[in-house]
Amino acid sequence: MRMLMVGLDNSGKTTIVLKINGEDTSVISPTLGFNIKTITYQKYTLNIWDVGGQKTIRSYWRNYFEQTDGLVWVVDSSDLRRLDDCKMELDNLLKEERLSGASLLILENKQDIKGAPNPEEIAKVLNLEAMDKTRHWQIVGCSAYTGEGLLEGFDWLVQDVASRIYVLD
Amino acid sequence: MENEEEVLATSNEPLDPNLHKKHISMIERLSNRHQIRLDNSLARQSESDSSSSSTATAPTTASFLSRFSDSKRSIDSQLAQSRLTDPAQLRSHLDSISASISDLEKLVAESSYFLPSYEVRSSLKTISDLKQTLENLNSELIPKKKFSFKNKASKQDRDRSVSDSKQTAPGNADSFSVSLEKLSFQVRDSPGLRNKNGETLVKNFKGSEIGEFTVSDLDSCEVRLIGSVRALFVHRLKNCRVYAGPVTGSILIEGAEDCVFVMASHQIRIHNAKGTDFYLRVRSRPIIEDSTGVRFAPYCLSYEGIEEDLREASLDEETGNWGNVDDFKWLRAVQSPNWAVLPENERVGMVQISNSGDGIEGN
Ligand SMILES: Nc1nc2c(ncn2[C@@H]2O[C@H](COP(=O)(O)OP(=O)(O)OP(=O)(O)O)[C@@H](O)[C@H]2O)c(=O)[nH]1
Ligand SMILES: [Mg+2]
């Protein structure tokens, strides 16, 4: 399964991927291009594409759209000021035809930070209810520091992608 | 690299034989689907082949590998030629190598969905080695520029910067207030120092439970942040000095003009900074984007108990990363014109700050 991780810079994408893979997360540089990880998750092989989120390189995201089964949108819950940027970029992404079949997992990261709004509140700001009804999506609060919520999110994503492929045939 | 294939322990549902069968057939379908993709992409590719004069061949692993190794060979030879290149042409020579490496990276990105993951990984490794070689050559052959910036930005620059900062607003301005209404919590409650002019502001994090802290919309202020915090957001500062203890997560700076920052952090991202000096200790590479006239030097802050704070934040060792700046607006081999190393004779000495005195506590 091909998974694409995107979101604003500093949201924690790289940290999440390394954490899921049980790797050291103590020194991570902002991602200049992309990283790819192949991990075995449950019975599936996931190819996870972690693409840098700095403004300048967001225009390259589209190079990675092709054949994406699962889209993971990572939000920094503590970065309230940029929630609108975050909403705008997500809206643009969801207009992409090549991503129209992908299941969408929204990870509200950094929930360990005290005072961060909870996933329901952020869902409201991102106006997720207005999303195209055919889209399979799920929002999960998580922390790449503690690992909380990560498995819950990826379990959903992997199952959803698997079951969609099921239905297709 | 080895542990990339690590199997993740997850909660497996009890194995109902029926379910098991379902799973097996699902896996089959997944691999069928993979084959279909392959076929599709072959078809697509040959279509585009016939409609253009491109020499690209059908995307099989073999053809990818041959294209990849051709480009690699040509990059290798260009790299080798660098030492013989006329110094006047060196910059453009290195730039063109850098562009070729980017193209190669793009080829891998585009081919990734039909390549076996081993091939993807090894080609990415090759690319990162090429980048490293290029970087080494670059720092060896082109000495880092040391320069100082004119103290005041020209009037034109200033005007532009005003409209720039307005420009970030429109998309935001309206929609931001809209979404703020939707927020059932109060953004104002998030801890920070905001909207001050000409003051000295002191915040001590010791003993507090603050996770993230914001410093925004300050003009001509001195900010002292004592103790450590997880995340720091800095927004729209003008003519300020900011002295900060260790940040265990990341610092995000958006909009700073004629400022001095002395900070330690695991990560730092600097956007829209102008004529600003940074004295940093960072565990990863600092990055700048949309910035000009920024200069870097090592961290130089002292307050009572800072050694312990730095140690606890794993920031007690100098990594030298303060000078390994990546400019996202200048993804080329040659030194970015937007930043420089702050010449030693222009650096401030050790900055000593304290909790007490004329400061105003933030909230
Ligand atoms: N408190 C807290 N900090 C986190 C969490 N996840 C990531 N961080 C911190 O957030 C910063 C950014 O993390 P990265 O993983 O580099 O973010 P990214 O999304 O990959 O950023 P780009 O590569 O620039 O797009 C780092 O300093 C992390 O330590 C979390 O769950 N909680
Ligand atoms: Mg990253």
# chains A, B, ... in the order shown; residues from 1 in each chain; ligands from 1
>>> residues_around(residues="Asn63 (chain A)", least_positions_apart="6", cutoff="9 Å", atoms="only C-alpha atoms", output="list of chain:residue names")
B:Lys106, B:Ala109, B:Glu110
>>> closest_atom_pairs(of="region 207-281 of chain B", to="region 190-203 of chain B", cutoff="6 Å", atoms="only C-alpha atoms", output="tab-separated table")
residue	atom	partner	partner_atom	distance
B:Phe213	CA	B:Gly192	CA	5.2
B:Thr214	CA	B:Gly192	CA	4.3
B:Val215	CA	B:Leu193	CA	4.9
B:Ser216	CA	B:Arg194	CA	4.8
B:Asp217	CA	B:Asn195	CA	4.8
B:Leu218	CA	B:Lys196	CA	5.0
B:Asp219	CA	B:Asn197	CA	4.8
B:Ser220	CA	B:Gly198	CA	4.7
B:Cys221	CA	B:Gly198	CA	4.8
B:Glu222	CA	B:Thr200	CA	4.6
B:Val223	CA	B:Leu201	CA	4.8
B:Arg224	CA	B:Val202	CA	4.7
B:Leu225	CA	B:Lys203	CA	5.0
>>> write_last_selection(atoms="N, CA, C and O atoms", output="CSV table (one decimal), in the first residue's frame")
chain,number,residue,atom,x,y,z
B,213,PHE,N,4.8,28.2,23.8
B,213,PHE,CA,4.8,29.6,24.1
B,213,PHE,C,4.9,30.4,22.9
B,213,PHE,O,5.6,30.1,21.9
B,214,THR,N,4.2,31.6,22.9
B,214,THR,CA,4.2,32.4,21.7
B,214,THR,C,4.7,33.8,22.0
B,214,THR,O,4.4,34.4,23.1
B,215,VAL,N,5.6,34.3,21.2
B,215,VAL,CA,6.0,35.7,21.3
B,215,VAL,C,5.6,36.4,20.0
B,215,VAL,O,6.1,36.0,18.9
B,216,SER,N,4.7,37.4,20.1
B,216,SER,CA,4.3,38.0,18.8
B,216,SER,C,4.0,39.4,18.9
B,216,SER,O,3.7,40.0,19.9
B,217,ASP,N,4.1,40.1,17.7
B,217,ASP,CA,3.8,41.5,17.5
B,217,ASP,C,4.5,42.4,18.6
B,217,ASP,O,3.8,43.1,19.3
B,218,LEU,N,5.8,42.3,18.6
B,218,LEU,CA,6.5,43.2,19.5
B,218,LEU,C,7.4,44.2,18.6
B,218,LEU,O,7.9,43.8,17.6
B,219,ASP,N,7.5,45.4,19.2
B,219,ASP,CA,8.4,46.3,18.5
B,219,ASP,C,9.4,46.9,19.5
B,219,ASP,O,9.0,47.3,20.6
B,220,SER,N,10.6,46.9,19.2
B,220,SER,CA,11.7,47.4,20.1
B,220,SER,C,11.6,46.9,21.5
B,220,SER,O,11.6,47.7,22.5
B,221,CYS,N,11.5,45.6,21.7
B,221,CYS,CA,11.5,45.0,23.0
B,221,CYS,C,12.7,44.1,23.2
B,221,CYS,O,13.3,43.7,22.3
B,222,GLU,N,12.9,43.9,24.5
B,222,GLU,CA,13.9,42.8,24.9
B,222,GLU,C,13.1,41.7,25.6
B,222,GLU,O,12.4,42.0,26.5
B,223,VAL,N,13.3,40.5,25.1
B,223,VAL,CA,12.5,39.4,25.6
B,223,VAL,C,13.5,38.4,26.2
B,223,VAL,O,14.5,38.0,25.6
B,224,ARG,N,13.3,38.0,27.5
B,224,ARG,CA,14.1,37.0,28.1
B,224,ARG,C,13.3,35.8,28.5
B,224,ARG,O,12.3,36.0,29.3
B,225,LEU,N,13.6,34.7,28.0
B,225,LEU,CA,12.9,33.5,28.3
B,225,LEU,C,13.8,32.6,29.1
B,225,LEU,O,14.8,32.1,28.5
>>> closest_residue(among="B:Arg230, B:Arg311, B:Arg269, B:Arg241", to="ligand 2", atoms="only C-alpha atoms and all ligand atoms")
B:Arg269
>>> closest_atom_pairs(of="chain A", to="ligand 1", cutoff="9 Å", atoms="only C-alpha atoms and all ligand atoms", output="JSON lines")
{"residue": "A:Met5", "atom": "CA", "partner": "ligand 1", "partner_atom_place_in_ligand_line": "19 (O)", "distance": 8.8}
{"residue": "A:Val6", "atom": "CA", "partner": "ligand 1", "partner_atom_place_in_ligand_line": "25 (O)", "distance": 7.5}
{"residue": "A:Gly7", "atom": "CA", "partner": "ligand 1", "partner_atom_place_in_ligand_line": "19 (O)", "distance": 6.5}
{"residue": "A:Leu8", "atom": "CA", "partner": "ligand 1", "partner_atom_place_in_ligand_line": "25 (O)", "distance": 5.9}
{"residue": "A:Asp9", "atom": "CA", "partner": "ligand 1", "partner_atom_place_in_ligand_line": "25 (O)", "distance": 3.4}
{"residue": "A:Asn10", "atom": "CA", "partner": "ligand 1", "partner_atom_place_in_ligand_line": "12 (C)", "distance": 3.8}
{"residue": "A:Ser11", "atom": "CA", "partner": "ligand 1", "partner_atom_place_in_ligand_line": "19 (O)", "distance": 3.9}
{"residue": "A:Gly12", "atom": "CA", "partner": "ligand 1", "partner_atom_place_in_ligand_line": "17 (O)", "distance": 3.3}
{"residue": "A:Lys13", "atom": "CA", "partner": "ligand 1", "partner_atom_place_in_ligand_line": "19 (O)", "distance": 3.8}
{"residue": "A:Thr14", "atom": "CA", "partner": "ligand 1", "partner_atom_place_in_ligand_line": "15 (O)", "distance": 3.7}
{"residue": "A:Thr15", "atom": "CA", "partner": "ligand 1", "partner_atom_place_in_ligand_line": "15 (O)", "distance": 3.7}
{"residue": "A:Ile16", "atom": "CA", "partner": "ligand 1", "partner_atom_place_in_ligand_line": "15 (O)", "distance": 6.4}
{"residue": "A:Val17", "atom": "CA", "partner": "ligand 1", "partner_atom_place_in_ligand_line": "15 (O)", "distance": 8.1}
{"residue": "A:Leu18", "atom": "CA", "partner": "ligand 1", "partner_atom_place_in_ligand_line": "15 (O)", "distance": 8.5}
{"residue": "A:Thr25", "atom": "CA", "partner": "ligand 1", "partner_atom_place_in_ligand_line": "29 (O)", "distance": 7.5}
{"residue": "A:Ser26", "atom": "CA", "partner": "ligand 1", "partner_atom_place_in_ligand_line": "29 (O)", "distance": 7.3}
{"residue": "A:Val27", "atom": "CA", "partner": "ligand 1", "partner_atom_place_in_ligand_line": "29 (O)", "distance": 8.1}
{"residue": "A:Ile28", "atom": "CA", "partner": "ligand 1", "partner_atom_place_in_ligand_line": "16 (O)", "distance": 5.6}
{"residue": "A:Ser29", "atom": "CA", "partner": "ligand 1", "partner_atom_place_in_ligand_line": "16 (O)", "distance": 5.8}
{"residue": "A:Pro30", "atom": "CA", "partner": "ligand 1", "partner_atom_place_in_ligand_line": "24 (O)", "distance": 3.9}
{"residue": "A:Thr31", "atom": "CA", "partner": "ligand 1", "partner_atom_place_in_ligand_line": "23 (O)", "distance": 3.5}
{"residue": "A:Leu32", "atom": "CA", "partner": "ligand 1", "partner_atom_place_in_ligand_line": "23 (O)", "distance": 6.8}
{"residue": "A:Gly33", "atom": "CA", "partner": "ligand 1", "partner_atom_place_in_ligand_line": "23 (O)", "distance": 8.2}
{"residue": "A:Phe34", "atom": "CA", "partner": "ligand 1", "partner_atom_place_in_ligand_line": "23 (O)", "distance": 8.1}
{"residue": "A:Asp50", "atom": "CA", "partner": "ligand 1", "partner_atom_place_in_ligand_line": "20 (O)", "distance": 7.3}
{"residue": "A:Val51", "atom": "CA", "partner": "ligand 1", "partner_atom_place_in_ligand_line": "25 (O)", "distance": 6.5}
{"residue": "A:Gly52", "atom": "CA", "partner": "ligand 1", "partner_atom_place_in_ligand_line": "25 (O)", "distance": 3.7}
{"residue": "A:Gly53", "atom": "CA", "partner": "ligand 1", "partner_atom_place_in_ligand_line": "25 (O)", "distance": 3.4}
{"residue": "A:Gln54", "atom": "CA", "partner": "ligand 1", "partner_atom_place_in_ligand_line": "24 (O)", "distance": 5.4}
{"residue": "A:Lys55", "atom": "CA", "partner": "ligand 1", "partner_atom_place_in_ligand_line": "25 (O)", "distance": 9.0}
{"residue": "A:Val74", "atom": "CA", "partner": "ligand 1", "partner_atom_place_in_ligand_line": "19 (O)", "distance": 7.2}
{"residue": "A:Val75", "atom": "CA", "partner": "ligand 1", "partner_atom_place_in_ligand_line": "19 (O)", "distance": 8.4}
{"residue": "A:Asp76", "atom": "CA", "partner": "ligand 1", "partner_atom_place_in_ligand_line": "6 (N)", "distance": 7.9}
{"residue": "A:Ser78", "atom": "CA", "partner": "ligand 1", "partner_atom_place_in_ligand_line": "1 (N)", "distance": 8.5}
{"residue": "A:Glu108", "atom": "CA", "partner": "ligand 1", "partner_atom_place_in_ligand_line": "31 (O)", "distance": 8.8}
{"residue": "A:Asn109", "atom": "CA", "partner": "ligand 1", "partner_atom_place_in_ligand_line": "31 (O)", "distance": 5.1}
{"residue": "A:Lys110", "atom": "CA", "partner": "ligand 1", "partner_atom_place_in_ligand_line": "31 (O)", "distance": 3.4}
{"residue": "A:Gln111", "atom": "CA", "partner": "ligand 1", "partner_atom_place_in_ligand_line": "31 (O)", "distance": 6.2}
{"residue": "A:Asp112", "atom": "CA", "partner": "ligand 1", "partner_atom_place_in_ligand_line": "32 (N)", "distance": 5.6}
{"residue": "A:Ile113", "atom": "CA", "partner": "ligand 1", "partner_atom_place_in_ligand_line": "1 (N)", "distance": 5.3}
{"residue": "A:Lys114", "atom": "CA", "partner": "ligand 1", "partner_atom_place_in_ligand_line": "1 (N)", "distance": 9.0}
{"residue": "A:Cys142", "atom": "CA", "partner": "ligand 1", "partner_atom_place_in_ligand_line": "31 (O)", "distance": 6.6}
{"residue": "A:Ser143", "atom": "CA", "partner": "ligand 1", "partner_atom_place_in_ligand_line": "31 (O)", "distance": 3.3}
{"residue": "A:Ala144", "atom": "CA", "partner": "ligand 1", "partner_atom_place_in_ligand_line": "31 (O)", "distance": 3.6}
{"residue": "A:Tyr145", "atom": "CA", "partner": "ligand 1", "partner_atom_place_in_ligand_line": "31 (O)", "distance": 4.4}
{"residue": "A:Thr146", "atom": "CA", "partner": "ligand 1", "partner_atom_place_in_ligand_line": "31 (O)", "distance": 6.8}
{"residue": "A:Gly147", "atom": "CA", "partner": "ligand 1", "partner_atom_place_in_ligand_line": "31 (O)", "distance": 7.5}
{"residue": "A:Glu148", "atom": "CA", "partner": "ligand 1", "partner_atom_place_in_ligand_line": "31 (O)", "distance": 8.5}
>>> closest_residue(among="A:Leu90, A:Gly22, A:Ile36, A:Phe154", to="ligand 2", atoms="only C-alpha atoms and all ligand atoms")
A:Ile36
>>> closest_atom_pairs(of="chain A", to="chain B", cutoff="8 Å", atoms="only C-alpha atoms", output="CSV")
residue,atom,partner,partner_atom,distance
A:Arg2,CA,B:Tyr113,CA,7.6
A:Asn10,CA,B:Ser250,CA,7.6
A:Ile20,CA,B:Leu8,CA,7.9
A:Asn21,CA,B:Glu4,CA,6.9
A:Val27,CA,B:Ser284,CA,6.1
A:Ile28,CA,B:Ser284,CA,6.0
A:Ser29,CA,B:Ser284,CA,4.8
A:Pro30,CA,B:Ile287,CA,7.4
A:Leu32,CA,B:Phe328,CA,7.6
A:Ile36,CA,B:Arg121,CA,7.6
A:Lys37,CA,B:Glu4,CA,6.4
A:Thr38,CA,B:Glu4,CA,5.9
A:Ile39,CA,B:Glu5,CA,5.1
A:Thr40,CA,B:Val7,CA,5.1
A:Tyr41,CA,B:Leu8,CA,5.6
A:Gln42,CA,B:Thr10,CA,6.5
A:Tyr44,CA,B:Ile27,CA,7.8
A:Asn47,CA,B:Ser117,CA,7.8
A:Gln54,CA,B:Phe328,CA,7.7
A:Thr56,CA,B:Phe328,CA,6.4
A:Ile57,CA,B:Phe328,CA,7.7
A:Asn63,CA,B:Glu110,CA,6.6
A:Tyr64,CA,B:Ala109,CA,6.7
A:Glu66,CA,B:Tyr113,CA,7.9
A:Gln67,CA,B:Tyr113,CA,7.0
A:Ser78,CA,B:Glu212,CA,7.0
A:Leu80,CA,B:Val187,CA,7.4
A:Asp84,CA,B:Phe176,CA,6.2
A:Asp85,CA,B:Asn172,CA,7.5
A:Ile113,CA,B:Gly211,CA,5.2
A:Lys114,CA,B:Gly211,CA,5.6
A:Gly115,CA,B:Ser190,CA,7.1
A:Pro117,CA,B:Phe185,CA,7.4
A:Glu121,CA,B:Leu183,CA,6.4
A:Ile122,CA,B:Leu183,CA,7.9
A:Lys124,CA,B:Lys182,CA,6.8
A:Val125,CA,B:Ser179,CA,5.6
A:Leu151,CA,B:Thr10,CA,7.6
A:Ala162,CA,B:Met26,CA,7.1
A:Ile165,CA,B:Leu30,CA,7.2
A:Tyr166,CA,B:Met26,CA,6.3
>>> write_last_selection(atoms="N, CA and C atoms", output="short mmCIF file (atom, residue, chain, number, x, y, z; two decimals), in the first residue's frame")
data_model
loop_
_atom_site.label_atom_id
_atom_site.label_comp_id
_atom_site.auth_asym_id
_atom_site.auth_seq_id
_atom_site.Cartn_x
_atom_site.Cartn_y
_atom_site.Cartn_z
N ARG A 2 0.46 2.20 -0.76
CA ARG A 2 1.26 3.42 -0.83
C ARG A 2 0.59 4.51 0.00
N ASN A 10 6.84 21.37 10.21
CA ASN A 10 6.83 21.41 11.68
C ASN A 10 5.65 20.66 12.31
N ILE A 20 6.64 5.26 14.46
CA ILE A 20 5.91 4.05 14.07
C ILE A 20 6.87 2.93 13.76
N ASN A 21 7.99 3.30 13.21
CA ASN A 21 8.97 2.30 12.83
C ASN A 21 9.94 1.96 13.96
N VAL A 27 17.09 13.27 16.86
CA VAL A 27 17.65 14.28 15.97
C VAL A 27 16.99 14.19 14.59
N ILE A 28 16.11 15.12 14.31
CA ILE A 28 15.42 15.11 13.02
C ILE A 28 15.54 16.50 12.41
N SER A 29 16.03 16.57 11.19
CA SER A 29 16.08 17.87 10.52
C SER A 29 14.81 18.07 9.71
N PRO A 30 14.41 19.31 9.52
CA PRO A 30 13.29 19.58 8.61
C PRO A 30 13.58 18.90 7.26
N LEU A 32 14.06 18.20 3.56
CA LEU A 32 14.37 19.01 2.39
C LEU A 32 13.73 18.47 1.12
N ILE A 36 11.41 7.97 2.29
CA ILE A 36 10.49 6.86 2.08
C ILE A 36 10.86 5.72 3.02
N LYS A 37 9.83 5.13 3.61
CA LYS A 37 10.04 4.00 4.53
C LYS A 37 9.18 2.86 4.06
N THR A 38 9.75 1.70 4.07
CA THR A 38 8.95 0.51 3.80
C THR A 38 8.80 -0.23 5.11
N ILE A 39 7.59 -0.37 5.58
CA ILE A 39 7.42 -1.10 6.83
C ILE A 39 6.34 -2.16 6.67
N THR A 40 6.50 -3.22 7.45
CA THR A 40 5.47 -4.25 7.45
C THR A 40 4.52 -3.94 8.58
N TYR A 41 3.28 -3.74 8.22
CA TYR A 41 2.31 -3.36 9.22
C TYR A 41 1.17 -4.35 9.13
N GLN A 42 0.88 -5.00 10.24
CA GLN A 42 -0.05 -6.12 10.19
C GLN A 42 0.41 -7.05 9.08
N TYR A 44 0.45 -6.22 5.89
CA TYR A 44 0.67 -5.45 4.67
C TYR A 44 2.04 -4.78 4.65
N ASN A 47 4.40 1.40 1.93
CA ASN A 47 5.41 2.33 1.45
C ASN A 47 4.98 3.71 1.91
N GLN A 54 7.65 22.49 4.02
CA GLN A 54 7.97 23.92 3.91
C GLN A 54 7.25 24.51 2.71
N THR A 56 7.96 26.49 0.28
CA THR A 56 8.59 26.45 -1.03
C THR A 56 8.44 25.09 -1.71
N ILE A 57 8.41 24.03 -0.94
CA ILE A 57 8.40 22.73 -1.58
C ILE A 57 7.01 22.08 -1.61
N ASN A 63 4.09 15.64 -7.19
CA ASN A 63 4.89 14.56 -7.79
C ASN A 63 4.64 13.22 -7.13
N TYR A 64 4.03 13.25 -5.96
CA TYR A 64 3.88 12.02 -5.20
C TYR A 64 2.45 11.50 -5.18
N GLU A 66 0.46 10.20 -7.50
CA GLU A 66 0.13 9.02 -8.29
C GLU A 66 0.03 7.75 -7.44
N GLN A 67 -1.06 7.03 -7.60
CA GLN A 67 -1.21 5.70 -6.99
C GLN A 67 -1.25 5.71 -5.47
N SER A 78 -0.81 22.48 18.25
CA SER A 78 -0.43 23.63 19.07
C SER A 78 -0.23 24.88 18.21
N LEU A 80 -1.94 27.16 16.47
CA LEU A 80 -3.26 27.69 16.16
C LEU A 80 -3.22 28.74 15.07
N ASP A 84 -5.35 28.13 9.61
CA ASP A 84 -5.98 28.53 8.36
C ASP A 84 -5.17 28.14 7.15
N ASP A 85 -3.83 28.30 7.25
CA ASP A 85 -2.94 27.82 6.19
C ASP A 85 -3.18 26.33 6.00
N ILE A 113 0.97 18.31 24.23
CA ILE A 113 1.22 19.67 24.69
C ILE A 113 0.00 20.21 25.40
N LYS A 114 0.24 20.69 26.60
CA LYS A 114 -0.85 21.13 27.43
C LYS A 114 -1.57 22.32 26.77
N GLY A 115 -2.88 22.25 26.77
CA GLY A 115 -3.65 23.36 26.22
C GLY A 115 -3.95 23.23 24.74
N PRO A 117 -5.85 22.26 21.55
CA PRO A 117 -7.28 21.96 21.35
C PRO A 117 -7.45 20.50 20.99
N GLU A 121 -12.42 19.91 18.20
CA GLU A 121 -12.35 21.36 17.97
C GLU A 121 -11.63 21.67 16.67
N ILE A 122 -10.56 20.92 16.42
CA ILE A 122 -9.80 21.17 15.19
C ILE A 122 -10.59 20.73 13.98
N LYS A 124 -13.63 21.02 13.59
CA LYS A 124 -14.56 22.11 13.31
C LYS A 124 -13.87 23.21 12.50
N VAL A 125 -12.68 23.58 12.95
CA VAL A 125 -11.96 24.64 12.24
C VAL A 125 -11.65 24.21 10.81
N LEU A 151 -1.06 4.13 16.44
CA LEU A 151 -1.50 2.82 15.94
C LEU A 151 -2.98 2.84 15.62
N ALA A 162 -7.60 -1.54 2.73
CA ALA A 162 -7.78 -2.96 2.41
C ALA A 162 -9.23 -3.26 2.06
N ILE A 165 -10.30 -2.00 -1.40
CA ILE A 165 -9.79 -2.82 -2.49
C ILE A 165 -10.66 -4.06 -2.64
N TYR A 166 -11.10 -4.57 -1.50
CA TYR A 166 -12.04 -5.67 -1.41
C TYR A 166 -13.30 -5.42 -2.23
#
>>> residues_around(residues="Thr68 (chain A)", least_positions_apart="2", cutoff="8 Å", atoms="only C-alpha atoms", output="ChimeraX atom specification")
/A:1-4,64-66,70-71,98-99,102
>>> write_last_selection(atoms="N, CA, C and O atoms", output="compact mmCIF listing (two decimals), in the first residue's frame")
# COMPACT_ATOMS: atom_id res chain seq x y z
N MET A 1 0.85 -1.19 0.00
CA MET A 1 0.00 0.00 0.00
C MET A 1 0.88 1.24 0.00
O MET A 1 1.87 1.29 0.71
N ARG A 2 0.46 2.20 -0.76
CA ARG A 2 1.26 3.42 -0.83
C ARG A 2 0.59 4.51 0.00
O ARG A 2 -0.56 4.87 -0.24
N MET A 3 1.32 5.01 0.99
CA MET A 3 0.78 6.04 1.88
C MET A 3 1.56 7.33 1.68
O MET A 3 2.78 7.32 1.65
N LEU A 4 0.84 8.43 1.59
CA LEU A 4 1.49 9.73 1.42
C LEU A 4 1.23 10.58 2.66
O LEU A 4 0.08 10.81 3.04
N TYR A 64 4.03 13.25 -5.96
CA TYR A 64 3.88 12.02 -5.20
C TYR A 64 2.45 11.50 -5.18
O TYR A 64 2.16 10.52 -4.53
N PHE A 65 1.56 12.20 -5.85
CA PHE A 65 0.14 11.83 -5.76
C PHE A 65 -0.19 10.48 -6.37
O PHE A 65 -1.02 9.75 -5.87
N GLU A 66 0.46 10.20 -7.50
CA GLU A 66 0.13 9.02 -8.29
C GLU A 66 0.03 7.75 -7.44
O GLU A 66 0.90 7.45 -6.64
N GLY A 70 -3.45 5.70 0.62
CA GLY A 70 -3.82 6.35 1.88
C GLY A 70 -3.12 7.68 2.00
O GLY A 70 -1.92 7.79 1.76
N LEU A 71 -3.90 8.69 2.37
CA LEU A 71 -3.35 10.02 2.53
C LEU A 71 -3.36 10.34 4.02
O LEU A 71 -4.40 10.20 4.67
N ARG A 98 -6.26 12.97 -8.62
CA ARG A 98 -5.45 11.77 -8.43
C ARG A 98 -5.51 11.25 -7.00
O ARG A 98 -5.09 10.15 -6.70
N LEU A 99 -6.01 12.09 -6.08
CA LEU A 99 -6.10 11.64 -4.69
C LEU A 99 -7.54 11.31 -4.32
O LEU A 99 -7.83 10.99 -3.17
N ALA A 102 -8.24 8.11 -2.49
CA ALA A 102 -7.44 7.75 -1.32
C ALA A 102 -8.20 7.93 -0.01
O ALA A 102 -8.95 8.89 0.14
>>> closest_residue(among="A:Leu157, A:Asn118, A:Val72, A:Thr45", to="Gly141 (chain A)", atoms="only C-alpha atoms")
A:Asn118
>>> atom_distance(atom1="CA of Ser100 (chain B)", atom2="CA of Ser71 (chain B)")
7.9 Å
>>> select_by_dssp(residues="region 6-53 of chain A", states="strand (DSSP E)", output="PyMOL selection string")
chain A and resi 6+34-41+44-51
>>> write_last_selection(atoms="N, CA, C and O atoms", output="compact mmCIF listing (two decimals), in the first residue's frame")
# COMPACT_ATOMS: atom_id res chain seq x y z
N VAL A 6 1.52 14.17 4.30
CA VAL A 6 1.76 15.58 4.03
C VAL A 6 1.15 16.43 5.15
O VAL A 6 0.44 15.93 6.02
N PHE A 34 12.18 14.38 0.41
CA PHE A 34 11.25 13.41 0.95
C PHE A 34 12.02 12.24 1.54
O PHE A 34 13.20 12.05 1.26
N ASN A 35 11.34 11.48 2.38
CA ASN A 35 11.89 10.22 2.88
C ASN A 35 10.90 9.14 2.52
O ASN A 35 9.71 9.38 2.47
N ILE A 36 11.41 7.97 2.29
CA ILE A 36 10.49 6.86 2.08
C ILE A 36 10.86 5.72 3.02
O ILE A 36 12.03 5.45 3.23
N LYS A 37 9.83 5.13 3.61
CA LYS A 37 10.04 4.00 4.53
C LYS A 37 9.18 2.86 4.06
O LYS A 37 8.01 3.05 3.72
N THR A 38 9.75 1.70 4.07
CA THR A 38 8.95 0.51 3.80
C THR A 38 8.80 -0.23 5.11
O THR A 38 9.80 -0.61 5.72
N ILE A 39 7.59 -0.37 5.58
CA ILE A 39 7.42 -1.10 6.83
C ILE A 39 6.34 -2.16 6.67
O ILE A 39 5.44 -2.04 5.84
N THR A 40 6.50 -3.22 7.45
CA THR A 40 5.47 -4.25 7.45
C THR A 40 4.52 -3.94 8.58
O THR A 40 4.94 -3.81 9.72
N TYR A 41 3.28 -3.74 8.22
CA TYR A 41 2.31 -3.36 9.22
C TYR A 41 1.17 -4.35 9.13
O TYR A 41 0.55 -4.50 8.08
N TYR A 44 0.45 -6.22 5.89
CA TYR A 44 0.67 -5.45 4.67
C TYR A 44 2.04 -4.78 4.65
O TYR A 44 2.61 -4.46 5.68
N THR A 45 2.49 -4.55 3.44
CA THR A 45 3.71 -3.78 3.28
C THR A 45 3.31 -2.35 2.94
O THR A 45 2.60 -2.12 1.97
N LEU A 46 3.73 -1.45 3.78
CA LEU A 46 3.39 -0.04 3.54
C LEU A 46 4.62 0.67 2.98
O LEU A 46 5.71 0.54 3.52
N ASN A 47 4.40 1.40 1.93
CA ASN A 47 5.41 2.33 1.45
C ASN A 47 4.98 3.71 1.91
O ASN A 47 4.02 4.26 1.38
N ILE A 48 5.68 4.23 2.89
CA ILE A 48 5.26 5.52 3.43
C ILE A 48 6.14 6.63 2.88
O ILE A 48 7.36 6.63 3.05
N TRP A 49 5.50 7.57 2.22
CA TRP A 49 6.21 8.72 1.67
C TRP A 49 6.02 9.89 2.60
O TRP A 49 4.90 10.33 2.84
N ASP A 50 7.13 10.37 3.12
CA ASP A 50 7.09 11.51 4.04
C ASP A 50 7.70 12.69 3.28
O ASP A 50 8.89 12.72 3.03
N VAL A 51 6.87 13.64 2.92
CA VAL A 51 7.33 14.72 2.06
C VAL A 51 7.42 16.01 2.87
O VAL A 51 6.56 16.29 3.70
>>> atom_distance(atom1="CA of Pro119 (chain A)", atom2="CA of Gly255 (chain B)")
28.3 Å
